Structure formats: structure tokens, C-alpha cells
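Asks: Got a file for you: start_3.tsv, TSV, C-alpha atoms and all ligand atoms.
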chain	number	residue	atom	x	y	z
R	34	MET	CA	-26.84	-12.01	1.89
R	35	SER	CA	-25.49	-10.97	-1.50
R	36	LYS	CA	-21.80	-10.21	-1.76
R	37	GLU	CA	-20.26	-6.92	-2.88
R	38	LYS	CA	-19.07	-7.10	-6.47
R	39	ILE	CA	-15.53	-5.81	-6.84
R	40	LEU	CA	-13.72	-5.29	-10.13
R	41	MET	CA	-9.94	-5.19	-9.68
R	42	ILE	CA	-8.21	-3.53	-12.62
R	43	GLY	CA	-4.58	-4.66	-12.45
R	44	ALA	CA	-3.31	-8.11	-11.53
R	45	GLY	CA	0.24	-7.38	-10.32
R	46	ARG	CA	1.85	-7.39	-6.87
R	47	MET	CA	-0.45	-4.94	-5.11
R	48	ALA	CA	-3.61	-6.29	-6.76
R	49	GLN	CA	-2.70	-9.83	-5.66
R	50	ALA	CA	-1.93	-8.70	-2.10
R	51	ILE	CA	-5.40	-7.11	-1.86
R	52	ILE	CA	-7.15	-10.03	-3.56
R	53	ASN	CA	-5.53	-12.33	-1.00
R	54	GLY	CA	-7.00	-10.27	1.87
R	55	LEU	CA	-10.40	-9.98	0.21
R	56	LYS	CA	-10.58	-13.73	-0.36
R	57	GLN	CA	-9.82	-14.42	3.33
R	58	ALA	CA	-12.48	-11.89	4.39
R	59	ASP	CA	-14.99	-13.48	2.00
R	60	PHE	CA	-17.50	-10.63	1.68
R	61	SER	CA	-17.04	-9.92	-2.02
R	62	GLU	CA	-17.19	-11.47	-5.46
R	63	ILE	CA	-14.01	-10.52	-7.27
R	64	LEU	CA	-13.47	-10.06	-10.97
R	65	VAL	CA	-9.94	-9.24	-12.16
R	66	GLY	CA	-8.86	-7.52	-15.38
R	67	ASN	CA	-5.49	-6.21	-16.51
R	68	ASN	CA	-3.75	-4.78	-19.55
R	69	THR	CA	-2.67	-7.57	-21.93
R	70	ASN	CA	-0.95	-10.30	-19.91
R	71	SER	CA	-3.38	-13.23	-20.17
R	72	GLU	CA	-0.92	-15.64	-18.53
R	73	ARG	CA	-0.95	-13.46	-15.42
R	74	LEU	CA	-4.76	-13.59	-15.35
R	75	GLU	CA	-4.67	-17.40	-15.57
R	76	GLU	CA	-2.21	-17.50	-12.65
R	77	VAL	CA	-4.38	-15.19	-10.56
R	78	GLU	CA	-7.49	-17.25	-11.35
R	79	ALA	CA	-5.75	-20.50	-10.35
R	80	ARG	CA	-4.11	-19.07	-7.22
R	81	PHE	CA	-7.05	-17.18	-5.71
R	82	GLY	CA	-10.10	-18.83	-7.28
R	83	VAL	CA	-11.42	-15.51	-8.66
R	84	ARG	CA	-12.98	-14.80	-12.05
R	85	THR	CA	-10.92	-12.89	-14.60
R	86	THR	CA	-11.61	-11.00	-17.81
R	87	ASN	CA	-9.54	-9.57	-20.64
R	88	GLN	CA	-12.37	-7.09	-21.37
R	89	TRP	CA	-13.00	-5.42	-18.01
R	90	GLN	CA	-14.83	-2.52	-19.72
R	91	ASN	CA	-17.71	-4.92	-20.53
R	92	HIS	CA	-18.31	-5.73	-16.85
R	93	VAL	CA	-18.26	-2.34	-15.12
R	94	SER	CA	-22.05	-1.92	-15.12
R	95	ASP	CA	-22.44	-5.11	-12.96
R	96	GLN	CA	-19.97	-3.98	-10.30
R	97	ASP	CA	-20.36	-2.13	-6.98
R	98	ILE	CA	-16.72	-1.16	-6.43
R	99	ILE	CA	-13.81	-0.71	-8.83
R	100	ILE	CA	-10.23	-0.88	-7.52
R	101	LEU	CA	-7.42	0.44	-9.70
R	102	ALA	CA	-4.11	-1.34	-9.01
R	103	VAL	CA	-2.34	-0.14	-12.15
R	104	PRO	CA	0.76	2.08	-12.41
R	105	PRO	CA	0.19	5.82	-11.88
R	106	GLU	CA	1.02	6.53	-15.54
R	107	ALA	CA	-1.70	4.09	-16.73
R	108	HIS	CA	-4.42	5.99	-14.85
R	109	GLU	CA	-5.25	8.52	-17.53
R	110	GLU	CA	-5.97	5.81	-20.09
R	111	VAL	CA	-7.83	3.54	-17.64
R	112	LEU	CA	-9.96	6.40	-16.23
R	113	THR	CA	-10.86	7.52	-19.75
R	114	SER	CA	-12.11	4.01	-20.61
R	115	LEU	CA	-13.82	3.71	-17.23
R	116	SER	CA	-15.62	7.05	-17.68
R	117	GLU	CA	-17.39	5.71	-20.79
R	118	VAL	CA	-19.05	2.86	-18.85
R	119	ILE	CA	-19.24	3.86	-15.20
R	120	ASP	CA	-22.54	4.70	-13.54
R	121	GLY	CA	-22.01	5.88	-9.95
R	122	GLN	CA	-19.82	3.00	-8.76
R	123	LEU	CA	-17.27	3.63	-6.02
R	124	VAL	CA	-13.76	3.96	-7.52
R	125	LEU	CA	-10.63	3.34	-5.44
R	126	THR	CA	-7.00	3.62	-6.48
R	127	VAL	CA	-3.86	2.41	-4.72
R	128	ALA	CA	-1.51	4.33	-7.02
R	129	ALA	CA	1.24	6.56	-5.66
R	130	GLY	CA	0.42	10.22	-6.34
R	131	ILE	CA	-3.06	9.63	-7.83
R	132	ASP	CA	-5.09	11.55	-5.29
R	133	VAL	CA	-8.82	12.18	-5.05
R	134	LYS	CA	-8.51	15.50	-6.88
R	135	TYR	CA	-7.04	13.66	-9.86
R	136	LEU	CA	-9.67	10.91	-9.75
R	137	GLU	CA	-12.56	13.37	-9.51
R	138	ALA	CA	-11.16	15.43	-12.39
R	139	HIS	CA	-10.88	12.36	-14.65
R	140	LEU	CA	-14.22	10.67	-13.83
R	141	PRO	CA	-17.83	11.76	-14.42
R	142	GLU	CA	-19.09	14.39	-11.99
R	143	GLN	CA	-20.15	13.13	-8.54
R	144	THR	CA	-18.35	9.78	-8.86
R	145	PRO	CA	-17.47	8.60	-5.34
R	146	VAL	CA	-13.71	8.05	-5.12
R	147	SER	CA	-11.03	7.25	-2.56
R	148	TRP	CA	-7.24	7.16	-2.64
R	149	LEU	CA	-5.76	4.23	-0.70
R	150	MET	CA	-2.08	3.91	0.07
R	151	PRO	CA	-1.26	0.39	1.27
R	152	ASN	CA	2.15	-1.29	1.45
R	153	THR	CA	3.34	-4.74	0.40
R	154	ALA	CA	2.70	-6.19	3.87
R	155	ALA	CA	-0.92	-6.25	2.63
R	156	SER	CA	-0.02	-9.74	1.37
R	157	LYS	CA	0.35	-10.80	5.05
R	158	ALA	CA	-2.69	-8.76	6.15
R	159	GLU	CA	-0.20	-6.43	7.91
R	160	SER	CA	-0.40	-3.30	5.74
R	161	MET	CA	-0.47	0.14	7.32
R	162	THR	CA	-2.81	1.74	4.81
R	163	LEU	CA	-3.54	5.45	4.59
R	164	PHE	CA	-6.71	6.60	2.86
R	165	THR	CA	-8.55	9.76	1.99
R	166	LEU	CA	-12.08	10.26	0.68
R	167	GLY	CA	-13.50	12.20	-2.23
R	168	HIS	CA	-16.44	14.62	-1.99
R	169	TYR	CA	-19.17	12.15	-2.96
R	170	VAL	CA	-18.34	9.23	-0.66
R	171	THR	CA	-21.27	8.27	1.60
R	172	ASP	CA	-21.13	6.55	5.00
R	173	GLU	CA	-22.06	3.29	3.28
R	174	HIS	CA	-19.15	3.66	0.83
R	175	GLU	CA	-16.82	4.39	3.72
R	176	TYR	CA	-18.05	1.27	5.50
R	177	TYR	CA	-17.06	-0.84	2.47
R	178	ILE	CA	-13.72	0.92	2.08
R	179	GLU	CA	-12.90	0.13	5.71
R	180	LYS	CA	-14.00	-3.49	5.23
R	181	ILE	CA	-11.61	-3.81	2.29
R	182	LEU	CA	-8.78	-2.16	4.23
R	183	PHE	CA	-9.39	-4.27	7.34
R	184	SER	CA	-8.87	-7.37	5.19
R	185	ILE	CA	-5.27	-6.27	4.44
R	186	GLY	CA	-4.19	-4.87	7.82
R	187	GLN	CA	-4.60	-1.61	9.71
R	188	PHE	CA	-5.75	1.72	8.24
R	189	LYS	CA	-6.03	5.41	8.99
R	190	LYS	CA	-8.19	8.09	7.35
R	191	LEU	CA	-6.24	11.29	6.70
R	192	THR	CA	-6.42	14.42	4.57
R	193	GLU	CA	-5.19	14.25	0.99
R	194	GLN	CA	-2.17	16.40	1.90
R	195	GLN	CA	-1.26	14.12	4.79
R	196	VAL	CA	-1.41	11.06	2.53
R	197	HIS	CA	1.00	12.78	0.13
R	198	GLN	CA	3.39	13.60	2.98
R	199	ILE	CA	3.24	10.28	4.83
R	200	THR	CA	3.24	7.87	1.86
R	201	PRO	CA	7.08	7.73	1.75
R	202	ILE	CA	7.02	6.52	5.35
R	203	THR	CA	4.21	3.95	5.34
R	204	GLY	CA	4.39	3.04	1.62
R	205	SER	CA	8.12	3.21	0.79
R	206	GLY	CA	9.23	2.76	4.41
R	207	PRO	CA	9.22	-1.04	4.28
R	208	ALA	CA	11.95	-0.85	1.61
R	209	PHE	CA	14.08	1.27	3.97
R	210	VAL	CA	13.60	-1.30	6.73
R	211	TYR	CA	14.57	-4.10	4.31
R	212	ARG	CA	17.67	-2.14	3.32
R	213	PHE	CA	18.64	-1.87	6.98
R	214	ALA	CA	17.92	-5.59	7.46
R	215	ASP	CA	20.00	-6.47	4.39
R	216	VAL	CA	23.07	-4.73	5.85
R	217	LEU	CA	22.59	-6.50	9.19
R	218	ILE	CA	22.09	-9.92	7.56
R	219	LYS	CA	25.38	-9.51	5.67
R	220	GLU	CA	27.12	-8.53	8.93
R	221	VAL	CA	25.72	-11.62	10.69
R	222	GLN	CA	27.01	-13.82	7.86
R	223	LYS	CA	30.53	-12.47	8.47
R	224	ALA	CA	30.41	-14.38	11.78
R	225	GLY	CA	30.18	-17.63	9.79
R	226	VAL	CA	26.39	-18.04	10.00
R	227	THR	CA	24.37	-19.17	6.96
R	228	GLU	CA	22.18	-16.65	5.14
R	229	VAL	CA	19.02	-18.50	6.20
R	230	VAL	CA	19.93	-18.33	9.88
R	231	ALA	CA	21.19	-14.73	9.55
R	232	LYS	CA	17.83	-13.71	8.06
R	233	GLN	CA	15.98	-15.49	10.86
R	234	LEU	CA	18.03	-13.69	13.54
R	235	VAL	CA	17.56	-10.26	12.00
R	236	ALA	CA	13.87	-10.75	11.15
R	237	GLN	CA	13.04	-11.77	14.73
R	238	MET	CA	15.05	-8.82	16.08
R	239	VAL	CA	13.09	-6.39	13.85
R	240	LYS	CA	9.79	-8.10	14.75
R	241	GLY	CA	10.60	-7.88	18.47
R	242	ALA	CA	11.52	-4.20	18.21
R	243	SER	CA	8.32	-3.56	16.24
R	244	GLU	CA	6.32	-5.39	18.90
R	245	MET	CA	7.89	-3.20	21.62
R	246	LEU	CA	7.05	-0.06	19.63
R	247	THR	CA	3.49	-1.25	19.01
R	248	SER	CA	2.53	-2.54	22.43
R	249	ASP	CA	4.65	-0.46	24.80
R	250	LEU	CA	3.58	3.01	25.82
R	251	LYS	CA	7.20	4.12	25.80
R	252	CYS	CA	8.46	6.37	23.00
R	253	PRO	CA	11.36	5.28	20.74
R	254	GLN	CA	13.86	7.35	22.78
R	255	ASP	CA	12.85	5.53	26.01
R	256	LEU	CA	13.16	2.18	24.25
R	257	MET	CA	16.61	3.18	22.93
R	258	ASP	CA	17.66	4.21	26.43
R	259	GLU	CA	16.63	0.79	27.75
R	260	VAL	CA	18.99	-0.89	25.27
R	261	ALA	CA	21.82	1.63	25.50
R	262	THR	CA	23.45	1.53	28.92
R	263	PRO	CA	25.42	4.78	29.42
R	264	GLY	CA	29.02	4.21	28.34
R	265	GLY	CA	28.13	0.80	26.89
R	266	VAL	CA	28.36	-0.90	23.52
R	267	THR	CA	24.99	0.22	22.09
R	268	GLU	CA	25.63	3.83	23.03
R	269	LYS	CA	28.87	3.65	21.03
R	270	GLY	CA	26.93	2.36	18.00
R	271	LEU	CA	24.31	5.11	18.28
R	272	GLN	CA	27.09	7.71	18.46
R	273	VAL	CA	28.48	6.41	15.16
R	274	LEU	CA	25.02	6.75	13.58
R	275	ASP	CA	24.93	10.37	14.83
R	276	GLU	CA	28.41	11.11	13.50
R	277	HIS	CA	27.28	9.90	10.06
R	278	GLY	CA	24.10	11.97	10.09
R	279	PHE	CA	21.70	9.01	10.24
R	280	ASP	CA	18.65	11.12	11.18
R	281	GLN	CA	19.35	13.74	8.49
R	282	MET	CA	19.85	11.01	5.88
R	283	ILE	CA	16.44	9.46	6.63
R	284	GLN	CA	14.80	12.92	6.67
R	285	GLU	CA	16.36	13.73	3.30
R	286	ALA	CA	15.23	10.41	1.78
R	287	ILE	CA	11.64	11.13	2.89
R	288	ARG	CA	11.80	14.70	1.62
R	289	GLN	CA	13.04	13.60	-1.79
R	290	CYS	CA	10.34	10.90	-2.03
R	291	VAL	CA	7.65	13.52	-1.36
R	292	ASP	CA	9.16	15.91	-3.92
R	293	PHE	CA	9.57	13.16	-6.52
R	294	ALA	CA	5.96	12.01	-6.10
R	295	SER	CA	4.72	15.59	-6.52
R	296	GLY	CA	6.95	16.20	-9.57
R	297	ASN	CA	9.22	18.69	-7.75
R	298	GLU	CA	12.43	16.68	-7.74
R	299	ASP	CA	15.65	18.66	-7.56
R	301	LIG	N1	4.36	-2.29	-4.89
R	301	LIG	C1	4.18	-1.50	-3.83
R	301	LIG	O1	4.88	-1.53	-2.80
R	301	LIG	C2	3.04	-0.50	-3.84
R	301	LIG	C3	2.66	0.12	-2.62
R	301	LIG	C4	1.58	1.02	-2.65
R	301	LIG	C5	0.96	1.29	-3.85
R	301	LIG	N2	1.39	0.70	-4.99
R	301	LIG	C6	0.72	1.06	-6.25
R	301	LIG	O2	0.10	-0.09	-6.78
R	301	LIG	C7	-0.01	0.09	-8.20
R	301	LIG	C8	0.39	-1.21	-8.86
R	301	LIG	O3	1.71	-1.51	-8.47
R	301	LIG	P1	2.25	-3.00	-8.57
R	301	LIG	O4	3.52	-3.01	-7.77
R	301	LIG	O5	1.16	-3.98	-8.25
R	301	LIG	O6	2.58	-3.07	-10.16
R	301	LIG	P2	2.76	-4.34	-11.12
R	301	LIG	O7	3.08	-5.57	-10.31
R	301	LIG	O8	3.69	-3.92	-12.20
R	301	LIG	O9	1.28	-4.57	-11.76
R	301	LIG	C9	0.69	-3.59	-12.58
R	301	LIG	C10	-0.62	-4.14	-13.12
R	301	LIG	O10	-1.26	-3.07	-13.82
R	301	LIG	C11	-1.75	-3.57	-15.07
R	301	LIG	N3	-1.85	-2.49	-16.05
R	301	LIG	C12	-0.85	-1.68	-16.49
R	301	LIG	N4	-1.34	-0.82	-17.41
R	301	LIG	C13	-2.67	-1.10	-17.55
R	301	LIG	C14	-3.70	-0.58	-18.37
R	301	LIG	N5	-3.49	0.42	-19.21
R	301	LIG	N6	-4.93	-1.13	-18.25
R	301	LIG	C15	-5.19	-2.12	-17.39
R	301	LIG	N7	-4.23	-2.68	-16.59
R	301	LIG	C16	-2.99	-2.16	-16.69
R	301	LIG	C17	-0.73	-4.60	-15.48
R	301	LIG	O11	-1.34	-5.43	-16.47
R	301	LIG	P3	-0.62	-6.74	-17.07
R	301	LIG	O12	-0.88	-7.81	-16.05
R	301	LIG	O13	-1.35	-6.95	-18.35
R	301	LIG	O14	0.83	-6.40	-17.24
R	301	LIG	C18	-0.45	-5.28	-14.14
R	301	LIG	O15	-1.39	-6.29	-13.87
R	301	LIG	C19	0.89	1.28	-8.59
R	301	LIG	O16	0.10	2.36	-8.93
R	301	LIG	C20	1.68	1.57	-7.32
R	301	LIG	O17	1.91	2.96	-7.16
R	301	LIG	C21	2.39	-0.21	-5.03
What do you get writing this file as C-alpha cells?
Replies:
Amino acid sequence: MSKEKILMIGAGRMAQAIINGLKQADFSEILVGNNTNSERLEEVEARFGVRTTNQWQNHVSDQDIIILAVPPEAHEEVLTSLSEVIDGQLVLTVAAGIDVKYLEAHLPEQTPVSWLMPNTAASKAESMTLFTLGHYVTDEHEYYIEKILFSIGQFKKLTEQQVHQITPITGSGPAFVYRFADVLIKEVQKAGVTEVVAKQLVAQMVKGASEMLTSDLKCPQDLMDEVATPGGVTEKGLQVLDEHGFDQMIQEAIRQCVDFASGNED
């Protein structure tokens, strides 16, 4: 059976995370292009065994699916070049804020498009990816989109508005978890433990908590109650988080991410 031909435009962190998943899944032939960094293309070619090109525009007509993994601000230029050579191929972007409305407005009429919002855990096939579909996506296109997303983790189809609102949680959220982990690792080190061991302790604690959240039917409050005996040590710690407005701080961070992405920052 012939493989799907995928052109990846962009060869940076997110492109490489997706290429890694696609290579493991082995249902596509991948060609990678970028802006000007030929060294990066050589690295990607050597690391993943994919073909690369410094003239991606010359190869669009041979492709089934085009994935844009370039910065949001590069989209206008890339979509303008793409529009000159595209002929009905499915176009996907992983860029923050570049929704299907934007893609459809910048590509020839009736181009099938989808906006994907993965996170960096895609490199471990553990992304929680949100996606939304444009007006001209068929069931067959959706099947291929889901195949791509399955290769990098779990996925959920949502409305465009929901992807805007939830991206700071599933896309930026890992950075908030790492920030939390960083503080804890430094605290562990104060007990005279090496950084390597401190990271191991904290990472396993986060993984265990994540596993409980994932597999247990209990809600976060029930899980907190299981840890926090009334009048005990954990309850004291949670009280301190309350006194410092932990919940409000997280809510505000999410709100400002949404506003920033939509250009409404304070
Ligand atoms: N990092 C994340 O956590 C994350 C999560 C979700 C979504 N995203 C989205 O993923 C996209 C890429 O992010 P990244 O972290 O992978 O960035 P990155 O590591 O900086 O890589 C950007 C890539 O885009 C290429 N590029 C830039 N301008 C271009 C142009 N005009 N034409 C063709 N290629 C161009 C660069 O080419 P060169 O190789 O020539 O420099 C580079 O390969 C962004 O839109 C971001 O919003 C990122």
C-alpha cells in the first residue's frame, strides 16, 4: 500500500517532535523544508532518516498533506508562497493563534485545513493535542489527521473557540508544571540530595499524581482529601497555597495567555 506523502514546513522543536511520532507510526513518506538553516536540515535528515529540501515550494504538487510547524508570524509569508503552488492538498498548522479562519482566508478557496495544538510531550508520544477542522475537510482527511495525532499522543476535536481558550492549559501548561517541578527540585536539594536524584524524586511524584488523575475516577478534590488528613501536614501546606491566592494566580496566568494570543493583552 502506498504511503501518505507529508511535507513538513519547519524543522524546529515541534516539527521534530511530530516527525519522531510519524516515523514510529510508519504510514507516511516525509519531506522536510525550512527557512534557511541548511545545517538543521542535515541534522534532521541524519536523525530521522527523512528526505529534506531547501526548496519546499518545488515539491508541493507531489504531496498529500502539508504541515506547517513555523512560527505564527511566518505564516503569512509561507501561506502566500504555498497558495501559488497548492492544488487541494490538506494543510495543517500547529502554530499558536493561527486558527482555521486564518488559514482559509490565506489559502485558495475550498482548501481543506485544520488547526492542531500539540505540546512538547509529542516528542515522547504523550502530547495532549487539541484540533479543529476547517469547512472543506472530508472524513478521509479527518482519518489522516487523527492518524498523525495518534502518533504523537492523545487528541481531542473541539471548536475553534475552545482551542483558543484551552491552548494555554494543554499547550503552555507543561511549562507551568515544569516551573512547579523546578521549585520542588530546588527544595529537595536543600536536604543535601544531588540535583539528579532530586529530579528523579519530583518527576516520579508528578508522574504518580498524573497516573492517579488519569486512571482514578476520583476528582482532584477527592485525591487531595486522600493526601491531606484533617489537621495534618498537607492540609497546612494547602492552606498556605490558599493564603497566597494559588488558584487565582493560575486563573490569571491562563486568562493573560488567552488575551495575549488573541492580541488583547492589557
Ligand atoms: N514549542 C512548543 O511548545 C509548541 C507547542 C505547540 C505549538 N507550537 C508551535 O509550533 C510552531 C513552531 O515552534 P517551534 O518551537 O518548533 O519553533 P522553532 O524550534 O523555532 O522552529 C521554527 C522552524 O520554522 C522555520 N521557519 C521560520 N520561518 C520560516 C519561513 N518563513 N519559511 C519556512 N520555514 C520557516 C525555521 O526554519 P530554520 O530551520 O531555517 O530556522 C524552523 O525550522 C510555532 O508556530 C509554535 O506556536 C510550539
Asks: Would you mind listing what lies within 7 Å of Met161 of chain R as a short mmCIF file (atom, residue, chain, number, x, y, z; two decimals) with C-alpha atoms, in the coordinates of the input, with all atoms listed in the file counted and same-chain residues fewer than 2 positions away left out?
Replies:
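Wrote result.cif, looks like this:
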data_model
loop_
_atom_site.label_atom_id
_atom_site.label_comp_id
_atom_site.auth_asym_id
_atom_site.auth_seq_id
_atom_site.Cartn_x
_atom_site.Cartn_y
_atom_site.Cartn_z
CA PRO R 151 -1.26 0.39 1.27
CA ASN R 152 2.15 -1.29 1.45
CA GLU R 159 -0.20 -6.43 7.91
CA LEU R 163 -3.54 5.45 4.59
CA GLY R 186 -4.19 -4.87 7.82
CA GLN R 187 -4.60 -1.61 9.71
CA PHE R 188 -5.75 1.72 8.24
CA THR R 203 4.21 3.95 5.34
#
Asks: Hey, which of R:Gln49, R:Gln57, R:Ser114, R:Gln237 ends up closest to Glu78 of chain R? Count all atoms listed in the file.
Replies: R:Gln49
Asks: Compare R:Leu256, R:Ser184, R:Ser295, R:Ile42 by their minimum atom-to-atom distance to Lys157 of chain R, counting all atoms listed in the file, and give me the closest one.
Replies: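 Answer, going by the shortest atom-to-atom distance: R:Ser184.
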Asks: One decimal, Å: what's the distance from atom CA of Thr200 of chain R over to atom CA of Ala236 of chain R, could you say?
Replies: 23.4 Å
Asks: Restricting the calculation to all atoms listed in the file, which member of R:Trp148, R:Tyr135, R:Tyr169, R:Tyr177 is positioned closest to ligand LIG 301 (chain R)?
Replies: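 Using all atoms listed in the file, the shortest distance to ligand LIG 301 (chain R) belongs to R:Trp148.
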